[in-house]
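Asker: Quick one: this structure, given as structure tokens, is what I'll be asking you about.
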Amino acid sequence: MSKLIQLQKYSLANDFQFYRLGSSTNQDDRKHAVLTLAGYCAAVVMAIGYIVYIAFDLYIREESMLFFPILSSILFWALGFWTILSGLKKLIFSSDTELIFSLPMPLWQAKLFNVIKLLILYLLIAAIAVFAGILLHMFILPDFWFVLLSSLLLVVILPLLVIATTFIISLAVKVLLNFLRIHSNVIEALLTFFLFLSPLLYNTYNSASLNYKDIFSNSSPLYLFGIISNSTSEVGFFNLVCLLGITLALVLITGYVFTKRYAFLVASYSTSSKRKTRDSSTLSSNSLFKNLFSKELKLYLSSITYVSNTVLTPALLLIGSLAYLFNISPLLYDYTLELSIITLSSKYIFILFTTVCILLTTTTSSSLSFEGQSIWILLTSPLSLMDLAKAKIALNVLLFVPGLACAILVYTQNFSSSLLDSLLFISFTITSLLLVSIVGFFVNLKFPNYNWSSEMEVIKQGKSTIITAILSTCLLSITGILIILDFSFTFHLLLLVNVSIITFLIYKLRESSLIMD
Amino acid sequence: MLSINNLTKLYKGSEKGIKNLTLDLVKGDICAFIGMNGAGKTTSIKSIVGIHGFDQGDIELDGVSIKKNPQEFKQMVGYSPDTPVLYGNMTGYSYLELIGSIYQIDNATINEQLNTLLKKLNFGSAIHELISTYSHGMKQRLVLISILMHNPKLIILDEPFVGLDPNATYFLQEEMKKRAAEGSIVLYSTHVLEVAEKLCNKVVMIHNGEVVVNDTMINLLSESSLSEKFRSITAHE
């Protein structure tokens with residue numbers, strides 16, 4: 001066991017870049033490590049800030065008894081969502097798997113190495129969150145010692161429950177799709193998310209108000225995701241025992257599959273080699289764009305992590321627009337949002353919804369980095385940067401085409417006041433999509449990372465992804481404010497801004513070249 | 001003609017890299033690029049093929065500068081890396097299709113080359129399988145096909161014989177001779193000095209980022225073997 005602990009210590013220190021910080025003589029390396037650690041610290045501070053806010057909010061409404069159910073619920077859903085986004089494959093094998101299996105340690109430890117690493121990380125997160133909560137409630141809650149003991153139990157239960165639940169759901173989806181002979185990462189990602197989030201979605205749908213307290217307390221693991229009523233607001237001994245029982249059962253299933261069916265897991269998550277064999281060996285296509293785009297599409301679809309992290313907003317836009325199109329609830333067209341001095345009509349809510357979906361994620365912000373070590377192919381090819389940009393941007397545009405088409409249909413049929421208004425909406429949404437795609441590509445060109453060992457390093461934690469997210473949030477804020485203020489020239493202005501930035505970036509791209517420093 | 005003038009490329013925050021590399025190679029040359037691990041061979045090669053930018057100097061092929069006209073320059077080059085990381089989710093066939101379209105060669109020319117190369121390298125139906133299922137040697141062979149099918153004027157190979165089976169090694173040696181005889185320039189890095197002695201007419205040795213030998217093979221062998229020369233240069237390491 002000491003070998004496992006030692007190895008985990010080195011592996012975590014490597015993941016958190018402590019070695020770069022401590023022993024690297026390269027200044028760039030140290031700077032990168034400092035920035036990464038600062039990012040993690042900022043995330044912890046923000047999370048604690050949010051916990052303080054919840055505690056304070058519940059305290060002034062005299063609902064402090066709901067604190068731990070809500071906190072455990074937020075932790076469960078957030079960590080579960082993160083685990084699915086990271087991809088289950090990461091738990092089964094990673095870049096150091098071969099090394100770990102070659103070391104003289106028990107086989108079960110090697111098989112569970114990545115699961116244990118994730119568990120340690122989640123235990124740490126849960127402990128920080130729960131104990132921050134305890135400190136805030138030391139003098140408020142009755143039965144403090146019971147709360148303390150149950151919280152200790154919660155710190156252990158939550159990470160186990162998150163990992164076991166997400167693993168079982170992801171694997172079940174994989175097995176089902178394999179059985180149905182459906183090999184699509186997009187379907188797999190959407191179905192996994194839907195199944196995992198279904199208790200939260202169900203409780204949101206049944207919630208009388210869209211208040212976070214109702215939704216999260218109803219969906220709390222402490223109330224067994226809504227199976228046990230939260231009417232008494234108290235978390236009793238029975239709830240904890242039930243949760244412990246469920247967690248143990250799920251952990252046993254997960255442990256069994258990992259230790260006894262590891263080969264099956266590896267086979268399930270390895271790339272399939274089944275392809276139709278062609279008879280001829282003659283090349284048929286000579287279209288550069290077609291071949292580059294086809295390469296992009298294959299690269300994108302090859303990674304469930306990449307798909308999971310970028311398919312949600314296109315899917316949300318499509319589902320939301322279809323809901324409007326088929327008028328599934330009269331609320332959609334009647335709902336108004338009261339802000340302090342402004343009332344937002346359903347038309348503007350729809351415009352904001354469309355804009356948020358389009359601007360929130362883009363595949364292009366990590367598309368160059370995602371090439372990884374195969375980037376040499378593009379670097380040594382006689383390709384112009386624009387040829388490459390077109391193929392990568394086309395992929396992001398393609399993802400949004402179905403949703404955007406529906407959104408345009410909804411707007412022109414139900415919200416548009418004139419032909420000009422419709423044309424402005426169409427032009428604005430299309431240019432926004434092009435803008436965020438070009439911005440993502442441009443930022444990734446300036447901040448590439450081709451030397452990564454885990455896909456998450458570029459897709460979620462990459463410098464270019466973070467910078468693009470900040471830029472698109474700024475863009476979104478400006479767009480939102482202008483839409484809310486509802487000037488007669490809002491769309492004209494936004495369109496002008498979009499076109500100007502796109503033109504400028506295309507000019508800059510034409511001047512730039514793809515090269516490594 | 002390949003002309004490298006005072007090429008300098010140093011990595012940020014470190015003294016490692018390549019300093020003032022000057023080298024001229026003419027049509028028909030096969031040049032061995034030799035040095036210890038970390039001497040700067042791969043850095044030089046990556047600068048020549050346009051992967052890395054460089055701090056000083058210039059590289060020209062038939063008068064085309066990689067700095068001023070990288071696209072035209074790269075159109076004339078075929079490069080095989082030491083570790084061929086390819087798109088694992090593509091088949092070998094679709095990879096060749098992609099490369100063919102990037103180099104904009106007409107299908108008839110490519111197909112003629114392709115069928116010959118596939119047969120010579122004994123690829124068979126594996127060309128229609130996913131690259132992720134290929135061994136290191138198969139990936140190496142696929143890269144060789146992809147770089148040879150557009151008839152490059154400059155062929156650059158980074159340790160090309162690593163991982164190749166004896167048949168593929170023989171094919172590659174013969175192909176290097178054939179391409180050089182047809183007017184291409186071949187520059188390759190290697191640690192197998194005995195093969196380099198037989199195959200190359202020029203040799204460049206690099207040590208700590210600097211060129212220490214730049215001569216014809218005949219001249220060098222008149223003094224000592226390649227192996228002896230290498231050991232004398234690196235003796236103090």
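Chains: A, B, ... in order of the structure tokens. Residues: from 1 per chain. Ligands: from 1, in order shown.
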Sorted by chain and rising residue number, list the residues of chain B at most 9 Å from chain A (counting only C-alpha atoms), each with its closest atom pair and distance in Å to one decimal, as a Markdown table.
Answerer:
```
| residue | atom | partner | partner_atom | distance |
| --- | --- | --- | --- | --- |
| B:Tyr11 | CA | A:Asp517 | CA | 8.0 |
| B:Lys12 | CA | A:Asp28 | CA | 7.7 |
| B:Gly13 | CA | A:Asn26 | CA | 5.6 |
| B:Ser14 | CA | A:Asn26 | CA | 7.0 |
| B:Lys46 | CA | A:Thr380 | CA | 8.8 |
| B:Val49 | CA | A:Thr380 | CA | 5.8 |
| B:Gly50 | CA | A:Thr380 | CA | 5.8 |
| B:Ile51 | CA | A:Leu379 | CA | 5.2 |
| B:His52 | CA | A:Met516 | CA | 4.8 |
| B:Gly53 | CA | A:Asp517 | CA | 5.9 |
| B:Phe54 | CA | A:Asp517 | CA | 8.0 |
| B:Pro70 | CA | A:Pro382 | CA | 7.3 |
| B:Gln71 | CA | A:Pro382 | CA | 4.4 |
| B:Glu72 | CA | A:Pro382 | CA | 6.7 |
| B:Phe73 | CA | A:Pro382 | CA | 7.6 |
| B:Lys74 | CA | A:Pro382 | CA | 5.0 |
| B:Gln75 | CA | A:Pro382 | CA | 5.1 |
| B:Met76 | CA | A:Pro382 | CA | 8.7 |
| B:Val77 | CA | A:Thr380 | CA | 8.2 |
| B:Gly78 | CA | A:Thr380 | CA | 8.3 |
| B:Tyr79 | CA | A:Thr380 | CA | 7.4 |
| B:Pro81 | CA | A:Trp376 | CA | 8.2 |
| B:Pro84 | CA | A:Ser374 | CA | 7.7 |
| B:Val85 | CA | A:Ser374 | CA | 4.9 |
| B:Leu86 | CA | A:Ser374 | CA | 5.2 |
| B:Tyr87 | CA | A:Ser374 | CA | 6.6 |
| B:Gly88 | CA | A:Leu299 | CA | 8.6 |
| B:Asn89 | CA | A:Ser302 | CA | 6.4 |
| B:Met90 | CA | A:Lys298 | CA | 7.1 |
| B:Thr91 | CA | A:Arg275 | CA | 8.5 |
| B:Tyr93 | CA | A:Ser281 | CA | 7.7 |
| B:Ser94 | CA | A:Asn291 | CA | 8.3 |
| B:Tyr95 | CA | A:Lys295 | CA | 8.4 |
| B:Leu96 | CA | A:Leu283 | CA | 8.1 |
| B:Glu97 | CA | A:Leu283 | CA | 6.0 |
| B:Leu98 | CA | A:Asn291 | CA | 5.3 |
| B:Ile99 | CA | A:Ser381 | CA | 8.2 |
| B:Gly100 | CA | A:Asn286 | CA | 7.0 |
| B:Ser101 | CA | A:Asn286 | CA | 4.8 |
| B:Ile102 | CA | A:Leu288 | CA | 5.9 |
| B:Tyr103 | CA | A:Pro382 | CA | 6.7 |
| B:Gln104 | CA | A:Asn286 | CA | 7.1 |
| B:Ile105 | CA | A:Asn286 | CA | 8.0 |
| B:Asp106 | CA | A:Asn286 | CA | 7.3 |
| B:Asn107 | CA | A:Leu283 | CA | 6.3 |
| B:Ala108 | CA | A:Leu283 | CA | 8.5 |
| B:Ile110 | CA | A:Leu283 | CA | 7.5 |
| B:Asn111 | CA | A:Thr282 | CA | 5.3 |
| B:Glu112 | CA | A:Thr282 | CA | 8.5 |
| B:Leu114 | CA | A:Thr282 | CA | 7.7 |
| B:Asn115 | CA | A:Ser281 | CA | 6.9 |
| B:Leu118 | CA | A:Ser281 | CA | 8.7 |
| B:Ser125 | CA | A:Thr277 | CA | 7.7 |
| B:Ile127 | CA | A:Ser281 | CA | 8.3 |
| B:His128 | CA | A:Thr277 | CA | 5.8 |
| B:Glu129 | CA | A:Arg275 | CA | 6.6 |
| B:Leu130 | CA | A:Ser273 | CA | 5.8 |
| B:Ile131 | CA | A:Ser273 | CA | 8.9 |
| B:Ser132 | CA | A:Thr271 | CA | 7.5 |
| B:Thr133 | CA | A:Ser273 | CA | 6.9 |
```
Asker: Which polymer residues have any atom within 8 Å of an atom of Leu433 (chain A), counting only C-alpha atoms, with same-chain residues fewer than 4 positions away left out, as a ChimeraX atom specification?
Answerer: /A:358-359,397,429,437
Asker: Go ahead and save the residues from that selection, with N, CA and C atoms, as a short mmCIF file (atom, residue, chain, number, x, y, z; two decimals), in the first residue's frame.
Answerer:
```cif
data_model
loop_
_atom_site.label_atom_id
_atom_site.label_comp_id
_atom_site.auth_asym_id
_atom_site.auth_seq_id
_atom_site.Cartn_x
_atom_site.Cartn_y
_atom_site.Cartn_z
N ILE A 358 -24.69 30.46 -28.63
CA ILE A 358 -23.70 30.57 -29.71
C ILE A 358 -22.33 30.96 -29.17
N LEU A 359 -22.33 31.92 -28.22
CA LEU A 359 -21.05 32.48 -27.79
C LEU A 359 -20.36 31.71 -26.67
N VAL A 397 -19.11 25.76 -36.92
CA VAL A 397 -20.34 26.25 -37.56
C VAL A 397 -21.30 25.09 -37.78
N THR A 429 -26.86 36.66 -35.73
CA THR A 429 -26.54 35.34 -35.17
C THR A 429 -25.43 34.65 -35.97
N SER A 437 -15.99 31.73 -33.47
CA SER A 437 -15.15 30.68 -34.06
C SER A 437 -13.78 31.24 -34.43
#
```
Asker: Which residues are close to Gly28 (chain B), i.e. within 8 Å by only C-alpha atoms, leaving aside same-chain residues fewer than 4 positions away? Reply as a PDB file with N, CA and C atoms, in the first residue's frame.
Answerer:
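And here's part34.pdb as it stands now:
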```pdb
ATOM      1  N   ARG B 179      16.312   8.271 -55.509  1.00  0.00           N
ATOM      2  CA  ARG B 179      15.823   9.662 -55.523  1.00  0.00           C
ATOM      3  C   ARG B 179      16.989  10.640 -55.703  1.00  0.00           C
ATOM      4  N   ALA B 180      18.117  10.339 -55.040  1.00  0.00           N
ATOM      5  CA  ALA B 180      19.285  11.215 -55.180  1.00  0.00           C
ATOM      6  C   ALA B 180      19.783  11.183 -56.625  1.00  0.00           C
ATOM      7  N   ALA B 181      19.791   9.976 -57.212  1.00  0.00           N
ATOM      8  CA  ALA B 181      20.228   9.857 -58.617  1.00  0.00           C
ATOM      9  C   ALA B 181      19.295  10.625 -59.548  1.00  0.00           C
ATOM     10  N   GLU B 182      18.053  10.733 -59.162  1.00  0.00           N
ATOM     11  CA  GLU B 182      17.076  11.466 -59.998  1.00  0.00           C
ATOM     12  C   GLU B 182      17.114  12.977 -59.752  1.00  0.00           C
ATOM     13  N   GLY B 183      17.953  13.410 -58.792  1.00  0.00           N
ATOM     14  CA  GLY B 183      18.118  14.854 -58.602  1.00  0.00           C
ATOM     15  C   GLY B 183      17.609  15.404 -57.295  1.00  0.00           C
ATOM     16  N   SER B 184      17.101  14.549 -56.420  1.00  0.00           N
ATOM     17  CA  SER B 184      16.658  15.057 -55.116  1.00  0.00           C
ATOM     18  C   SER B 184      17.855  15.190 -54.171  1.00  0.00           C
ATOM     19  N   ILE B 185      17.655  15.954 -53.103  1.00  0.00           N
ATOM     20  CA  ILE B 185      18.672  16.046 -52.048  1.00  0.00           C
ATOM     21  C   ILE B 185      18.119  15.261 -50.860  1.00  0.00           C
ATOM     22  N   VAL B 186      18.974  14.413 -50.264  1.00  0.00           N
ATOM     23  CA  VAL B 186      18.515  13.643 -49.098  1.00  0.00           C
ATOM     24  C   VAL B 186      19.376  14.029 -47.897  1.00  0.00           C
TER      25      VAL B 186
END
```
Asker: Please provide the set of residues having any atom within 12 Å of Leu91 (chain A), restricted to only C-alpha atoms, with same-chain residues fewer than 4 positions apart removed, written as a VMD selection string.
Answerer: chain A and resid 83 to 84 86 to 87 95 to 97 110 to 119 163 to 164 166 to 167 170 to 171 254 258 262 265 to 266 269 454
Asker: Write to file, as a PDB file, in the first residue's frame, the residues of the selection just made, with N, CA and C atoms.
Answerer:
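Full text of result18.pdb as output:
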```
ATOM      1  N   THR A  83     -16.753  15.103 -13.868  1.00  0.00           N
ATOM      2  CA  THR A  83     -16.226  13.757 -14.156  1.00  0.00           C
ATOM      3  C   THR A  83     -16.646  13.316 -15.557  1.00  0.00           C
ATOM      4  N   ILE A  84     -17.899  13.583 -15.911  1.00  0.00           N
ATOM      5  CA  ILE A  84     -18.360  13.172 -17.245  1.00  0.00           C
ATOM      6  C   ILE A  84     -17.641  13.991 -18.318  1.00  0.00           C
ATOM      7  N   SER A  86     -14.729  15.196 -18.124  1.00  0.00           N
ATOM      8  CA  SER A  86     -13.335  14.732 -18.226  1.00  0.00           C
ATOM      9  C   SER A  86     -13.220  13.431 -19.011  1.00  0.00           C
ATOM     10  N   GLY A  87     -14.299  12.695 -19.077  1.00  0.00           N
ATOM     11  CA  GLY A  87     -14.284  11.439 -19.828  1.00  0.00           C
ATOM     12  C   GLY A  87     -13.907  10.253 -18.949  1.00  0.00           C
ATOM     13  N   SER A  95      -1.696   8.235 -19.822  1.00  0.00           N
ATOM     14  CA  SER A  95      -0.392   8.112 -20.488  1.00  0.00           C
ATOM     15  C   SER A  95       0.609   7.303 -19.648  1.00  0.00           C
ATOM     16  N   ASP A  96       0.377   7.252 -18.311  1.00  0.00           N
ATOM     17  CA  ASP A  96       1.334   6.511 -17.479  1.00  0.00           C
ATOM     18  C   ASP A  96       0.846   5.108 -17.102  1.00  0.00           C
ATOM     19  N   THR A  97      -0.233   4.648 -17.740  1.00  0.00           N
ATOM     20  CA  THR A  97      -0.788   3.336 -17.375  1.00  0.00           C
ATOM     21  C   THR A  97       0.217   2.205 -17.581  1.00  0.00           C
ATOM     22  N   ALA A 110      -2.956  -1.169  -9.576  1.00  0.00           N
ATOM     23  CA  ALA A 110      -2.632  -0.610 -10.897  1.00  0.00           C
ATOM     24  C   ALA A 110      -3.904  -0.306 -11.674  1.00  0.00           C
ATOM     25  N   LYS A 111      -4.872  -1.237 -11.587  1.00  0.00           N
ATOM     26  CA  LYS A 111      -6.130  -1.052 -12.326  1.00  0.00           C
ATOM     27  C   LYS A 111      -6.919   0.136 -11.791  1.00  0.00           C
ATOM     28  N   LEU A 112      -6.877   0.312 -10.489  1.00  0.00           N
ATOM     29  CA  LEU A 112      -7.666   1.375  -9.871  1.00  0.00           C
ATOM     30  C   LEU A 112      -6.865   2.664  -9.658  1.00  0.00           C
ATOM     31  N   PHE A 113      -5.663   2.714 -10.220  1.00  0.00           N
ATOM     32  CA  PHE A 113      -4.764   3.831  -9.924  1.00  0.00           C
ATOM     33  C   PHE A 113      -5.414   5.202 -10.217  1.00  0.00           C
ATOM     34  N   ASN A 114      -5.984   5.331 -11.410  1.00  0.00           N
ATOM     35  CA  ASN A 114      -6.559   6.631 -11.788  1.00  0.00           C
ATOM     36  C   ASN A 114      -7.826   6.941 -10.996  1.00  0.00           C
ATOM     37  N   VAL A 115      -8.586   5.877 -10.641  1.00  0.00           N
ATOM     38  CA  VAL A 115      -9.803   6.084  -9.838  1.00  0.00           C
ATOM     39  C   VAL A 115      -9.410   6.604  -8.459  1.00  0.00           C
ATOM     40  N   ILE A 116      -8.363   5.993  -7.885  1.00  0.00           N
ATOM     41  CA  ILE A 116      -7.925   6.404  -6.539  1.00  0.00           C
ATOM     42  C   ILE A 116      -7.408   7.844  -6.576  1.00  0.00           C
ATOM     43  N   LYS A 117      -6.716   8.174  -7.655  1.00  0.00           N
ATOM     44  CA  LYS A 117      -6.194   9.551  -7.767  1.00  0.00           C
ATOM     45  C   LYS A 117      -7.345  10.562  -7.794  1.00  0.00           C
ATOM     46  N   LEU A 118      -8.360  10.241  -8.581  1.00  0.00           N
ATOM     47  CA  LEU A 118      -9.525  11.134  -8.659  1.00  0.00           C
ATOM     48  C   LEU A 118     -10.241  11.201  -7.308  1.00  0.00           C
ATOM     49  N   LEU A 119     -10.294  10.053  -6.646  1.00  0.00           N
ATOM     50  CA  LEU A 119     -10.957   9.983  -5.337  1.00  0.00           C
ATOM     51  C   LEU A 119     -10.241  10.885  -4.324  1.00  0.00           C
ATOM     52  N   ILE A 163     -18.074   9.269  -8.182  1.00  0.00           N
ATOM     53  CA  ILE A 163     -17.274   8.466  -9.120  1.00  0.00           C
ATOM     54  C   ILE A 163     -18.040   7.202  -9.528  1.00  0.00           C
ATOM     55  N   ALA A 164     -18.649   6.534  -8.548  1.00  0.00           N
ATOM     56  CA  ALA A 164     -19.362   5.293  -8.866  1.00  0.00           C
ATOM     57  C   ALA A 164     -20.574   5.561  -9.759  1.00  0.00           C
ATOM     58  N   THR A 166     -21.223   8.171 -11.840  1.00  0.00           N
ATOM     59  CA  THR A 166     -20.869   8.586 -13.208  1.00  0.00           C
ATOM     60  C   THR A 166     -20.269   7.416 -13.993  1.00  0.00           C
ATOM     61  N   PHE A 167     -19.477   6.596 -13.295  1.00  0.00           N
ATOM     62  CA  PHE A 167     -18.869   5.447 -13.977  1.00  0.00           C
ATOM     63  C   PHE A 167     -19.955   4.487 -14.467  1.00  0.00           C
ATOM     64  N   SER A 170     -22.051   6.074 -17.334  1.00  0.00           N
ATOM     65  CA  SER A 170     -21.269   6.160 -18.587  1.00  0.00           C
ATOM     66  C   SER A 170     -21.078   4.781 -19.209  1.00  0.00           C
ATOM     67  N   LEU A 171     -20.755   3.805 -18.366  1.00  0.00           N
ATOM     68  CA  LEU A 171     -20.521   2.456 -18.887  1.00  0.00           C
ATOM     69  C   LEU A 171     -21.816   1.853 -19.439  1.00  0.00           C
ATOM     70  N   THR A 254     -18.679  -0.908  -9.044  1.00  0.00           N
ATOM     71  CA  THR A 254     -17.572  -0.247  -9.747  1.00  0.00           C
ATOM     72  C   THR A 254     -16.258  -1.001  -9.510  1.00  0.00           C
ATOM     73  N   PHE A 258     -13.962  -2.871 -12.358  1.00  0.00           N
ATOM     74  CA  PHE A 258     -12.582  -2.439 -12.565  1.00  0.00           C
ATOM     75  C   PHE A 258     -11.578  -3.567 -12.344  1.00  0.00           C
ATOM     76  N   TYR A 262     -11.532  -5.629 -16.150  1.00  0.00           N
ATOM     77  CA  TYR A 262     -10.703  -4.519 -16.624  1.00  0.00           C
ATOM     78  C   TYR A 262     -10.423  -4.627 -18.134  1.00  0.00           C
ATOM     79  N   LEU A 265     -13.248  -3.327 -19.998  1.00  0.00           N
ATOM     80  CA  LEU A 265     -13.275  -1.852 -19.959  1.00  0.00           C
ATOM     81  C   LEU A 265     -12.300  -1.263 -20.972  1.00  0.00           C
ATOM     82  N   VAL A 266     -11.082  -1.807 -20.965  1.00  0.00           N
ATOM     83  CA  VAL A 266     -10.061  -1.292 -21.888  1.00  0.00           C
ATOM     84  C   VAL A 266     -10.520  -1.478 -23.332  1.00  0.00           C
ATOM     85  N   TYR A 269     -13.247   1.006 -24.302  1.00  0.00           N
ATOM     86  CA  TYR A 269     -12.861   2.409 -24.469  1.00  0.00           C
ATOM     87  C   TYR A 269     -11.662   2.603 -25.395  1.00  0.00           C
ATOM     88  N   SER A 454      -3.067  14.682 -21.306  1.00  0.00           N
ATOM     89  CA  SER A 454      -4.494  14.402 -21.140  1.00  0.00           C
ATOM     90  C   SER A 454      -5.292  15.424 -21.956  1.00  0.00           C
TER      91      SER A 454
END
```
Asker: Leaving out region 134-143 of chain B and any residue of its chain fewer than 2 positions from it, which residues lie within 8 Å of it when counting only C-alpha atoms, given as a PyMOL selection string?
Answerer: chain B and resi 80+84+86+92+121+130-132+145-147+160+162-165+168
Asker: Please list as a PyMOL selection string every residue within 12 Å of Thr42 (chain B), counting only C-alpha atoms and excluding residues in the same chain fewer than 2 positions away.
Answerer: chain B and resi 9+16-18+33-40+44-49+51-52+79-83+156-159+187-190+206+209
Asker: How would you write, as a ChimeraX atom specification, the set of residues in region 173-360 of chain A that DSSP gives as strand (DSSP E)?
Answerer: /A:337-338,343-344
Asker: May I have the residues within 6 Å of region 213-225 of chain B as number ranges by chain, using only C-alpha atoms and disregarding those fewer than 6 positions away in the same chain?
Answerer: B: 201-205
Asker: Could you tell me how far CA of Ile466 (chain A) sits from CA of Leu35 (chain A), in Å to one decimal place?
Answerer: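 Result for CA of Leu35 (chain A) versus CA of Ile466 (chain A): 12.2 Å, one decimal.
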Asker: In Å, how far is it from CA of Ser268 (chain A) to CA of Asn178 (chain A)?
Answerer: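 Computing it gives 8.6 Å between the two atoms.
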Asker: Determine the nearest neighbour of Phe101 (chain A) from the options A:Met386, A:Leu252, A:Ser512, A:Leu4, counting only C-alpha atoms.
Answerer: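 Going through A:Met386, A:Leu252, A:Ser512, A:Leu4 one by one, the smallest distance to Phe101 (chain A) is for A:Leu4.
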Asker: Taking the chain letters and numbering used in this document, name the residues of region 62-110 of chain A that DSSP puts in alpha helix (DSSP H), as a VMD selection string.
Answerer: chain A and resid 67 to 86 89 to 92 97 to 102 107 to 110
Asker: Any chance you could export the current selection's N, CA and C atoms as a compact mmCIF listing (two decimals), in the first residue's frame?
Answerer:
```
# COMPACT_ATOMS: atom_id res chain seq x y z
N PHE A 67 -28.71 23.94 4.66
CA PHE A 67 -27.36 24.20 4.16
C PHE A 67 -26.64 22.93 3.68
N PHE A 68 -26.57 21.92 4.54
CA PHE A 68 -25.81 20.73 4.15
C PHE A 68 -26.46 19.94 3.01
N PRO A 69 -27.81 19.80 3.00
CA PRO A 69 -28.41 19.17 1.82
C PRO A 69 -28.07 19.92 0.53
N ILE A 70 -28.14 21.26 0.58
CA ILE A 70 -27.86 22.04 -0.64
C ILE A 70 -26.38 21.92 -1.02
N LEU A 71 -25.50 22.05 -0.03
CA LEU A 71 -24.07 21.96 -0.31
C LEU A 71 -23.70 20.59 -0.89
N SER A 72 -24.24 19.53 -0.27
CA SER A 72 -23.92 18.19 -0.78
C SER A 72 -24.46 18.01 -2.19
N SER A 73 -25.64 18.62 -2.44
CA SER A 73 -26.23 18.52 -3.77
C SER A 73 -25.37 19.23 -4.81
N ILE A 74 -24.96 20.46 -4.50
CA ILE A 74 -24.13 21.21 -5.45
C ILE A 74 -22.82 20.47 -5.70
N LEU A 75 -22.22 19.96 -4.63
CA LEU A 75 -20.96 19.22 -4.78
C LEU A 75 -21.17 18.00 -5.67
N PHE A 76 -22.24 17.26 -5.40
CA PHE A 76 -22.49 16.04 -6.17
C PHE A 76 -22.66 16.35 -7.66
N TRP A 77 -23.54 17.31 -7.96
CA TRP A 77 -23.83 17.59 -9.38
C TRP A 77 -22.64 18.22 -10.07
N ALA A 78 -21.94 19.11 -9.36
CA ALA A 78 -20.78 19.78 -10.00
C ALA A 78 -19.65 18.77 -10.26
N LEU A 79 -19.34 17.95 -9.25
CA LEU A 79 -18.25 16.98 -9.43
C LEU A 79 -18.64 15.91 -10.46
N GLY A 80 -19.89 15.51 -10.45
CA GLY A 80 -20.37 14.51 -11.41
C GLY A 80 -20.29 15.04 -12.83
N PHE A 81 -20.73 16.28 -13.00
CA PHE A 81 -20.69 16.93 -14.32
C PHE A 81 -19.24 17.00 -14.80
N TRP A 82 -18.36 17.38 -13.89
CA TRP A 82 -16.93 17.50 -14.22
C TRP A 82 -16.35 16.14 -14.61
N THR A 83 -16.75 15.10 -13.87
CA THR A 83 -16.23 13.76 -14.16
C THR A 83 -16.65 13.32 -15.56
N ILE A 84 -17.90 13.58 -15.91
CA ILE A 84 -18.36 13.17 -17.24
C ILE A 84 -17.64 13.99 -18.32
N LEU A 85 -17.49 15.30 -18.05
CA LEU A 85 -16.78 16.15 -19.02
C LEU A 85 -15.35 15.66 -19.22
N SER A 86 -14.73 15.20 -18.12
CA SER A 86 -13.33 14.73 -18.23
C SER A 86 -13.22 13.43 -19.01
N LYS A 89 -12.74 7.50 -19.94
CA LYS A 89 -11.54 6.86 -20.46
C LYS A 89 -10.33 7.19 -19.58
N LYS A 90 -10.35 8.43 -19.06
CA LYS A 90 -9.25 8.90 -18.22
C LYS A 90 -9.10 8.05 -16.95
N LEU A 91 -10.23 7.48 -16.49
CA LEU A 91 -10.17 6.65 -15.28
C LEU A 91 -9.59 5.27 -15.59
N ILE A 92 -9.74 4.84 -16.83
CA ILE A 92 -9.33 3.47 -17.18
C ILE A 92 -7.86 3.42 -17.58
N THR A 97 -0.23 4.65 -17.74
CA THR A 97 -0.79 3.34 -17.37
C THR A 97 0.22 2.21 -17.58
N GLU A 98 0.92 2.23 -18.73
CA GLU A 98 1.87 1.15 -19.01
C GLU A 98 2.98 1.11 -17.96
N LEU A 99 3.42 2.29 -17.56
CA LEU A 99 4.47 2.37 -16.53
C LEU A 99 3.95 1.78 -15.21
N ILE A 100 2.75 2.16 -14.84
CA ILE A 100 2.18 1.70 -13.56
C ILE A 100 2.02 0.17 -13.55
N PHE A 101 1.55 -0.37 -14.68
CA PHE A 101 1.37 -1.83 -14.75
C PHE A 101 2.71 -2.58 -14.74
N SER A 102 3.77 -1.88 -15.10
CA SER A 102 5.08 -2.55 -15.12
C SER A 102 5.74 -2.53 -13.74
N LEU A 107 -1.99 -5.95 -8.69
CA LEU A 107 -2.68 -5.63 -9.93
C LEU A 107 -3.90 -4.72 -9.70
N TRP A 108 -4.63 -4.99 -8.59
CA TRP A 108 -5.84 -4.19 -8.36
C TRP A 108 -5.49 -2.72 -8.15
N GLN A 109 -4.31 -2.48 -7.57
CA GLN A 109 -3.89 -1.09 -7.35
C GLN A 109 -3.56 -0.40 -8.68
N ALA A 110 -2.96 -1.17 -9.58
CA ALA A 110 -2.63 -0.61 -10.90
C ALA A 110 -3.90 -0.31 -11.67
```
Asker: For CA of Phe425 (chain A) and CA of Thr473 (chain A), quote the distance in Å rounded to one decimal.
Answerer: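 For CA of Phe425 (chain A) relative to CA of Thr473 (chain A), the distance reads 20.1 Å.
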